[in-house]
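Structure below is run01.pdb: PDB, N, CA and C atoms, pLDDT in the B column.
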ATOM      1  N   MET A   1      88.255  -5.180-118.355  1.00 76.00           N
ATOM      2  CA  MET A   1      86.843  -5.074-118.016  1.00 76.00           C
ATOM      3  C   MET A   1      86.606  -5.768-116.670  1.00 76.00           C
ATOM      4  N   THR A   2      85.805  -5.167-115.843  1.00 91.00           N
ATOM      5  CA  THR A   2      85.579  -5.717-114.509  1.00 91.00           C
ATOM      6  C   THR A   2      84.570  -6.867-114.549  1.00 91.00           C
ATOM      7  N   LYS A   3      84.616  -7.649-113.493  1.00 89.00           N
ATOM      8  CA  LYS A   3      83.679  -8.771-113.378  1.00 89.00           C
ATOM      9  C   LYS A   3      82.240  -8.273-113.419  1.00 89.00           C
ATOM     10  N   GLN A   4      81.963  -7.161-112.739  1.00 90.00           N
ATOM     11  CA  GLN A   4      80.596  -6.633-112.694  1.00 90.00           C
ATOM     12  C   GLN A   4      80.111  -6.238-114.081  1.00 90.00           C
ATOM     13  N   LEU A   5      80.966  -5.633-114.890  1.00 90.00           N
ATOM     14  CA  LEU A   5      80.570  -5.275-116.255  1.00 90.00           C
ATOM     15  C   LEU A   5      80.277  -6.523-117.081  1.00 90.00           C
ATOM     16  N   GLU A   6      81.091  -7.544-116.912  1.00 94.00           N
ATOM     17  CA  GLU A   6      80.858  -8.793-117.630  1.00 94.00           C
ATOM     18  C   GLU A   6      79.535  -9.429-117.192  1.00 94.00           C
ATOM     19  N   LEU A   7      79.292  -9.436-115.891  1.00 94.00           N
ATOM     20  CA  LEU A   7      78.038  -9.997-115.384  1.00 94.00           C
ATOM     21  C   LEU A   7      76.835  -9.200-115.886  1.00 94.00           C
ATOM     22  N   ASP A   8      76.979  -7.896-115.964  1.00 95.00           N
ATOM     23  CA  ASP A   8      75.890  -7.065-116.489  1.00 95.00           C
ATOM     24  C   ASP A   8      75.595  -7.407-117.953  1.00 95.00           C
ATOM     25  N   LYS A   9      76.625  -7.639-118.734  1.00 94.00           N
ATOM     26  CA  LYS A   9      76.430  -8.030-120.140  1.00 94.00           C
ATOM     27  C   LYS A   9      75.716  -9.371-120.240  1.00 94.00           C
ATOM     28  N   ILE A  10      76.129 -10.315-119.405  1.00 93.00           N
ATOM     29  CA  ILE A  10      75.496 -11.635-119.410  1.00 93.00           C
ATOM     30  C   ILE A  10      74.034 -11.514-118.990  1.00 93.00           C
ATOM     31  N   LYS A  11      73.771 -10.723-117.970  1.00 95.00           N
ATOM     32  CA  LYS A  11      72.399 -10.526-117.498  1.00 95.00           C
ATOM     33  C   LYS A  11      71.526  -9.937-118.601  1.00 95.00           C
ATOM     34  N   LYS A  12      72.054  -8.950-119.328  1.00 95.00           N
ATOM     35  CA  LYS A  12      71.298  -8.352-120.428  1.00 95.00           C
ATOM     36  C   LYS A  12      71.004  -9.383-121.520  1.00 95.00           C
ATOM     37  N   LEU A  13      71.983 -10.203-121.820  1.00 92.00           N
ATOM     38  CA  LEU A  13      71.783 -11.256-122.819  1.00 92.00           C
ATOM     39  C   LEU A  13      70.676 -12.217-122.393  1.00 92.00           C
ATOM     40  N   VAL A  14      70.716 -12.639-121.140  1.00 94.00           N
ATOM     41  CA  VAL A  14      69.686 -13.558-120.620  1.00 94.00           C
ATOM     42  C   VAL A  14      68.320 -12.885-120.646  1.00 94.00           C
ATOM     43  N   GLU A  15      68.249 -11.641-120.213  1.00 95.00           N
ATOM     44  CA  GLU A  15      66.973 -10.924-120.219  1.00 95.00           C
ATOM     45  C   GLU A  15      66.421 -10.784-121.636  1.00 95.00           C
ATOM     46  N   GLU A  16      67.283 -10.475-122.601  1.00 95.00           N
ATOM     47  CA  GLU A  16      66.847 -10.349-123.993  1.00 95.00           C
ATOM     48  C   GLU A  16      66.350 -11.684-124.532  1.00 95.00           C
ATOM     49  N   CYS A  17      67.041 -12.747-124.200  1.00 94.00           N
ATOM     50  CA  CYS A  17      66.618 -14.073-124.656  1.00 94.00           C
ATOM     51  C   CYS A  17      65.239 -14.423-124.104  1.00 94.00           C
ATOM     52  N   ILE A  18      65.032 -14.143-122.831  1.00 94.00           N
ATOM     53  CA  ILE A  18      63.740 -14.443-122.213  1.00 94.00           C
ATOM     54  C   ILE A  18      62.649 -13.552-122.807  1.00 94.00           C
ATOM     55  N   LYS A  19      62.943 -12.266-122.915  1.00 95.00           N
ATOM     56  CA  LYS A  19      61.968 -11.301-123.439  1.00 95.00           C
ATOM     57  C   LYS A  19      61.555 -11.637-124.879  1.00 95.00           C
ATOM     58  N   ASN A  20      62.495 -12.110-125.671  1.00 96.00           N
ATOM     59  CA  ASN A  20      62.233 -12.400-127.087  1.00 96.00           C
ATOM     60  C   ASN A  20      61.984 -13.879-127.371  1.00 96.00           C
ATOM     61  N   ASP A  21      61.683 -14.625-126.320  1.00 95.00           N
ATOM     62  CA  ASP A  21      61.367 -16.047-126.448  1.00 95.00           C
ATOM     63  C   ASP A  21      62.478 -16.808-127.183  1.00 95.00           C
ATOM     64  N   LYS A  22      63.701 -16.569-126.762  1.00 95.00           N
ATOM     65  CA  LYS A  22      64.872 -17.217-127.353  1.00 95.00           C
ATOM     66  C   LYS A  22      65.507 -18.195-126.363  1.00 95.00           C
ATOM     67  N   LEU A  23      64.673 -18.938-125.673  1.00 93.00           N
ATOM     68  CA  LEU A  23      65.190 -19.881-124.688  1.00 93.00           C
ATOM     69  C   LEU A  23      66.004 -20.991-125.331  1.00 93.00           C
ATOM     70  N   ASP A  24      65.639 -21.376-126.553  1.00 95.00           N
ATOM     71  CA  ASP A  24      66.419 -22.399-127.251  1.00 95.00           C
ATOM     72  C   ASP A  24      67.850 -21.924-127.482  1.00 95.00           C
ATOM     73  N   PHE A  25      68.005 -20.668-127.855  1.00 94.00           N
ATOM     74  CA  PHE A  25      69.334 -20.097-128.047  1.00 94.00           C
ATOM     75  C   PHE A  25      70.118 -20.134-126.748  1.00 94.00           C
ATOM     76  N   LEU A  26      69.484 -19.709-125.670  1.00 93.00           N
ATOM     77  CA  LEU A  26      70.139 -19.668-124.373  1.00 93.00           C
ATOM     78  C   LEU A  26      70.532 -21.073-123.908  1.00 93.00           C
ATOM     79  N   CYS A  27      69.639 -22.021-124.063  1.00 94.00           N
ATOM     80  CA  CYS A  27      69.934 -23.410-123.688  1.00 94.00           C
ATOM     81  C   CYS A  27      71.075 -23.973-124.527  1.00 94.00           C
ATOM     82  N   ASN A  28      71.087 -23.668-125.806  1.00 96.00           N
ATOM     83  CA  ASN A  28      72.157 -24.135-126.680  1.00 96.00           C
ATOM     84  C   ASN A  28      73.498 -23.536-126.261  1.00 96.00           C
ATOM     85  N   LEU A  29      73.492 -22.268-125.912  1.00 93.00           N
ATOM     86  CA  LEU A  29      74.706 -21.607-125.456  1.00 93.00           C
ATOM     87  C   LEU A  29      75.247 -22.276-124.191  1.00 93.00           C
ATOM     88  N   ILE A  30      74.378 -22.550-123.248  1.00 94.00           N
ATOM     89  CA  ILE A  30      74.791 -23.220-122.012  1.00 94.00           C
ATOM     90  C   ILE A  30      75.329 -24.611-122.315  1.00 94.00           C
ATOM     91  N   TYR A  31      74.667 -25.326-123.208  1.00 97.00           N
ATOM     92  CA  TYR A  31      75.121 -26.666-123.595  1.00 97.00           C
ATOM     93  C   TYR A  31      76.522 -26.616-124.209  1.00 97.00           C
ATOM     94  N   ILE A  32      76.746 -25.673-125.105  1.00 97.00           N
ATOM     95  CA  ILE A  32      78.056 -25.544-125.754  1.00 97.00           C
ATOM     96  C   ILE A  32      79.138 -25.217-124.727  1.00 97.00           C
ATOM     97  N   LEU A  33      78.849 -24.296-123.824  1.00 96.00           N
ATOM     98  CA  LEU A  33      79.817 -23.948-122.788  1.00 96.00           C
ATOM     99  C   LEU A  33      80.137 -25.142-121.895  1.00 96.00           C
ATOM    100  N   GLN A  34      79.123 -25.885-121.532  1.00 96.00           N
ATOM    101  CA  GLN A  34      79.324 -27.063-120.689  1.00 96.00           C
ATOM    102  C   GLN A  34      80.145 -28.125-121.424  1.00 96.00           C
ATOM    103  N   THR A  35      79.838 -28.344-122.688  1.00 97.00           N
ATOM    104  CA  THR A  35      80.573 -29.321-123.488  1.00 97.00           C
ATOM    105  C   THR A  35      82.031 -28.909-123.647  1.00 97.00           C
ATOM    106  N   ASN A  36      82.265 -27.634-123.921  1.00 98.00           N
ATOM    107  CA  ASN A  36      83.644 -27.146-124.045  1.00 98.00           C
ATOM    108  C   ASN A  36      84.412 -27.301-122.740  1.00 98.00           C
ATOM    109  N   TYR A  37      83.758 -27.024-121.628  1.00 97.00           N
ATOM    110  CA  TYR A  37      84.397 -27.181-120.324  1.00 97.00           C
ATOM    111  C   TYR A  37      84.799 -28.640-120.101  1.00 97.00           C
ATOM    112  N   LYS A  38      83.896 -29.558-120.412  1.00 97.00           N
ATOM    113  CA  LYS A  38      84.193 -30.979-120.225  1.00 97.00           C
ATOM    114  C   LYS A  38      85.328 -31.427-121.139  1.00 97.00           C
ATOM    115  N   ASP A  39      85.330 -30.944-122.373  1.00 97.00           N
ATOM    116  CA  ASP A  39      86.415 -31.283-123.298  1.00 97.00           C
ATOM    117  C   ASP A  39      87.764 -30.810-122.762  1.00 97.00           C
ATOM    118  N   LEU A  40      87.803 -29.580-122.269  1.00 95.00           N
ATOM    119  CA  LEU A  40      89.043 -29.057-121.691  1.00 95.00           C
ATOM    120  C   LEU A  40      89.451 -29.838-120.441  1.00 95.00           C
ATOM    121  N   ALA A  41      88.477 -30.190-119.626  1.00 96.00           N
ATOM    122  CA  ALA A  41      88.768 -30.965-118.421  1.00 96.00           C
ATOM    123  C   ALA A  41      89.337 -32.331-118.789  1.00 96.00           C
ATOM    124  N   MET A  42      88.806 -32.951-119.814  1.00 96.00           N
ATOM    125  CA  MET A  42      89.333 -34.244-120.265  1.00 96.00           C
ATOM    126  C   MET A  42      90.769 -34.097-120.768  1.00 96.00           C
ATOM    127  N   LEU A  43      91.033 -33.040-121.525  1.00 94.00           N
ATOM    128  CA  LEU A  43      92.393 -32.802-122.021  1.00 94.00           C
ATOM    129  C   LEU A  43      93.373 -32.552-120.873  1.00 94.00           C
ATOM    130  N   CYS A  44      92.947 -31.795-119.890  1.00 91.00           N
ATOM    131  CA  CYS A  44      93.826 -31.432-118.772  1.00 91.00           C
ATOM    132  C   CYS A  44      94.089 -32.585-117.817  1.00 91.00           C
ATOM    133  N   THR A  45      93.264 -33.606-117.864  1.00 92.00           N
ATOM    134  CA  THR A  45      93.402 -34.715-116.915  1.00 92.00           C
ATOM    135  C   THR A  45      93.725 -36.034-117.606  1.00 92.00           C
ATOM    136  N   ASP A  46      94.182 -35.975-118.833  1.00 92.00           N
ATOM    137  CA  ASP A  46      94.489 -37.198-119.602  1.00 92.00           C
ATOM    138  C   ASP A  46      93.313 -38.174-119.607  1.00 92.00           C
ATOM    139  N   ASP A  47      92.129 -37.640-119.849  1.00 95.00           N
ATOM    140  CA  ASP A  47      90.876 -38.419-119.935  1.00 95.00           C
ATOM    141  C   ASP A  47      90.461 -39.089-118.631  1.00 95.00           C
ATOM    142  N   LYS A  48      90.954 -38.607-117.512  1.00 93.00           N
ATOM    143  CA  LYS A  48      90.557 -39.160-116.206  1.00 93.00           C
ATOM    144  C   LYS A  48      89.323 -38.458-115.643  1.00 93.00           C
ATOM    145  N   TYR A  49      89.019 -37.269-116.135  1.00 95.00           N
ATOM    146  CA  TYR A  49      87.900 -36.467-115.631  1.00 95.00           C
ATOM    147  C   TYR A  49      86.577 -37.220-115.756  1.00 95.00           C
ATOM    148  N   ASN A  50      85.729 -37.038-114.744  1.00 94.00           N
ATOM    149  CA  ASN A  50      84.329 -37.479-114.863  1.00 94.00           C
ATOM    150  C   ASN A  50      83.445 -36.390-114.268  1.00 94.00           C
ATOM    151  N   ASP A  51      82.173 -36.462-114.543  1.00 94.00           N
ATOM    152  CA  ASP A  51      81.237 -35.393-114.183  1.00 94.00           C
ATOM    153  C   ASP A  51      81.135 -35.122-112.680  1.00 94.00           C
ATOM    154  N   SER A  52      81.547 -36.050-111.856  1.00 96.00           N
ATOM    155  CA  SER A  52      81.446 -35.826-110.412  1.00 96.00           C
ATOM    156  C   SER A  52      82.582 -34.959-109.878  1.00 96.00           C
ATOM    157  N   TRP A  53      83.626 -34.728-110.675  1.00 96.00           N
ATOM    158  CA  TRP A  53      84.755 -33.922-110.228  1.00 96.00           C
ATOM    159  C   TRP A  53      84.354 -32.456-110.110  1.00 96.00           C
ATOM    160  N   THR A  54      84.856 -31.825-109.068  1.00 96.00           N
ATOM    161  CA  THR A  54      84.670 -30.380-108.922  1.00 96.00           C
ATOM    162  C   THR A  54      85.753 -29.664-109.726  1.00 96.00           C
ATOM    163  N   HIS A  55      85.564 -28.372-109.907  1.00 93.00           N
ATOM    164  CA  HIS A  55      86.575 -27.587-110.599  1.00 93.00           C
ATOM    165  C   HIS A  55      87.901 -27.639-109.838  1.00 93.00           C
ATOM    166  N   THR A  56      87.823 -27.602-108.523  1.00 95.00           N
ATOM    167  CA  THR A  56      89.023 -27.686-107.693  1.00 95.00           C
ATOM    168  C   THR A  56      89.742 -29.010-107.907  1.00 95.00           C
ATOM    169  N   LYS A  57      89.003 -30.094-108.004  1.00 94.00           N
ATOM    170  CA  LYS A  57      89.603 -31.411-108.247  1.00 94.00           C
ATOM    171  C   LYS A  57      90.344 -31.423-109.579  1.00 94.00           C
ATOM    172  N   ILE A  58      89.773 -30.826-110.596  1.00 94.00           N
ATOM    173  CA  ILE A  58      90.431 -30.755-111.905  1.00 94.00           C
ATOM    174  C   ILE A  58      91.741 -29.981-111.784  1.00 94.00           C
ATOM    175  N   LEU A  59      91.699 -28.826-111.123  1.00 92.00           N
ATOM    176  CA  LEU A  59      92.908 -28.025-110.965  1.00 92.00           C
ATOM    177  C   LEU A  59      93.970 -28.757-110.151  1.00 92.00           C
ATOM    178  N   GLU A  60      93.564 -29.437-109.097  1.00 92.00           N
ATOM    179  CA  GLU A  60      94.520 -30.199-108.291  1.00 92.00           C
ATOM    180  C   GLU A  60      95.131 -31.335-109.095  1.00 92.00           C
ATOM    181  N   TYR A  61      94.325 -32.024-109.867  1.00 92.00           N
ATOM    182  CA  TYR A  61      94.853 -33.111-110.698  1.00 92.00           C
ATOM    183  C   TYR A  61      95.862 -32.560-111.701  1.00 92.00           C
ATOM    184  N   PHE A  62      95.479 -31.499-112.376  1.00 87.00           N
ATOM    185  CA  PHE A  62      96.350 -30.886-113.378  1.00 87.00           C
ATOM    186  C   PHE A  62      97.649 -30.382-112.751  1.00 87.00           C
ATOM    187  N   THR A  63      97.561 -29.834-111.562  1.00 90.00           N
ATOM    188  CA  THR A  63      98.720 -29.248-110.891  1.00 90.00           C
ATOM    189  C   THR A  63      99.633 -30.286-110.266  1.00 90.00           C
ATOM    190  N   TYR A  64      99.053 -31.296-109.604  1.00 90.00           N
ATOM    191  CA  TYR A  64      99.868 -32.186-108.775  1.00 90.00           C
ATOM    192  C   TYR A  64     100.011 -33.617-109.305  1.00 90.00           C
ATOM    193  N   GLU A  65      99.065 -34.113-110.064  1.00 85.00           N
ATOM    194  CA  GLU A  65      99.083 -35.543-110.406  1.00 85.00           C
ATOM    195  C   GLU A  65      99.548 -35.845-111.833  1.00 85.00           C
ATOM    196  N   LEU A  66      99.756 -34.851-112.640  1.00 72.00           N
ATOM    197  CA  LEU A  66     100.136 -35.106-114.033  1.00 72.00           C
ATOM    198  C   LEU A  66     101.634 -35.312-114.228  1.00 72.00           C
ATOM    199  N   ASN A  67     102.401 -35.195-113.199  1.00 65.00           N
ATOM    200  CA  ASN A  67     103.865 -35.335-113.344  1.00 65.00           C
ATOM    201  C   ASN A  67     104.216 -36.717-113.634  1.00 65.00           C
TER     202      ASN A  67
END
Before we go any further, please render this structure as structure tokens.
Amino acid sequence: MTKQLELDKIKKLVEECIKNDKLDFLCNLIYILQTNYKDLAMLCTDDKYNDSWTHTKILEYFTYELN
């Protein structure tokens, strides 16, 4: 599936949430995704990750500093 098709699906989901007053659902989804990302970042960096790190910093740490 292409990136554009995925983005279109996400856009439809967001539009439906807004149209049907489901902002709590949307906010919860974003919170869960953010929490999962942070959990994975902590695992990949041996708990060195902090919120100020960029995605690139996480990848560089995982690639070059974990040896």
From a backbone DSSP assignment, name each residue in chain A labelled helix (DSSP H, G or I), as a PyMOL selection string.
chain A and resi 3-19+23-44+55-65
Please identify all polymer residues within 7 Å of range 40-45 of chain A, counting all atoms listed in the file, omitting same-chain residues fewer than 5 positions from it, and present them as number ranges by chain.
A: 35, 58, 61-62
Please give the centre and size of the box around range 26-34 of chain A (axis-aligned, containing every atom listed in the file, 6 Å added per side), with values in Å to one decimal and written as lines of an AutoDock Vina configuration file.
center_x = 74.8
center_y = -23.9
center_z = -123.7
size_x = 22.7
size_y = 20.5
size_z = 18.0
Report, in Å to a single decimal, how far apart CA of Leu13 in chain A and CA of Cys27 in chain A are.
12.3 Å
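As for CA of Tyr37 in chain A and CA of Asn50 in chain A, they are spaced 11.7 Å apart.
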Computed interatomic separation between CA of Thr2 in chain A and atom N of Leu33 in chain A (Å)
21.8 Å
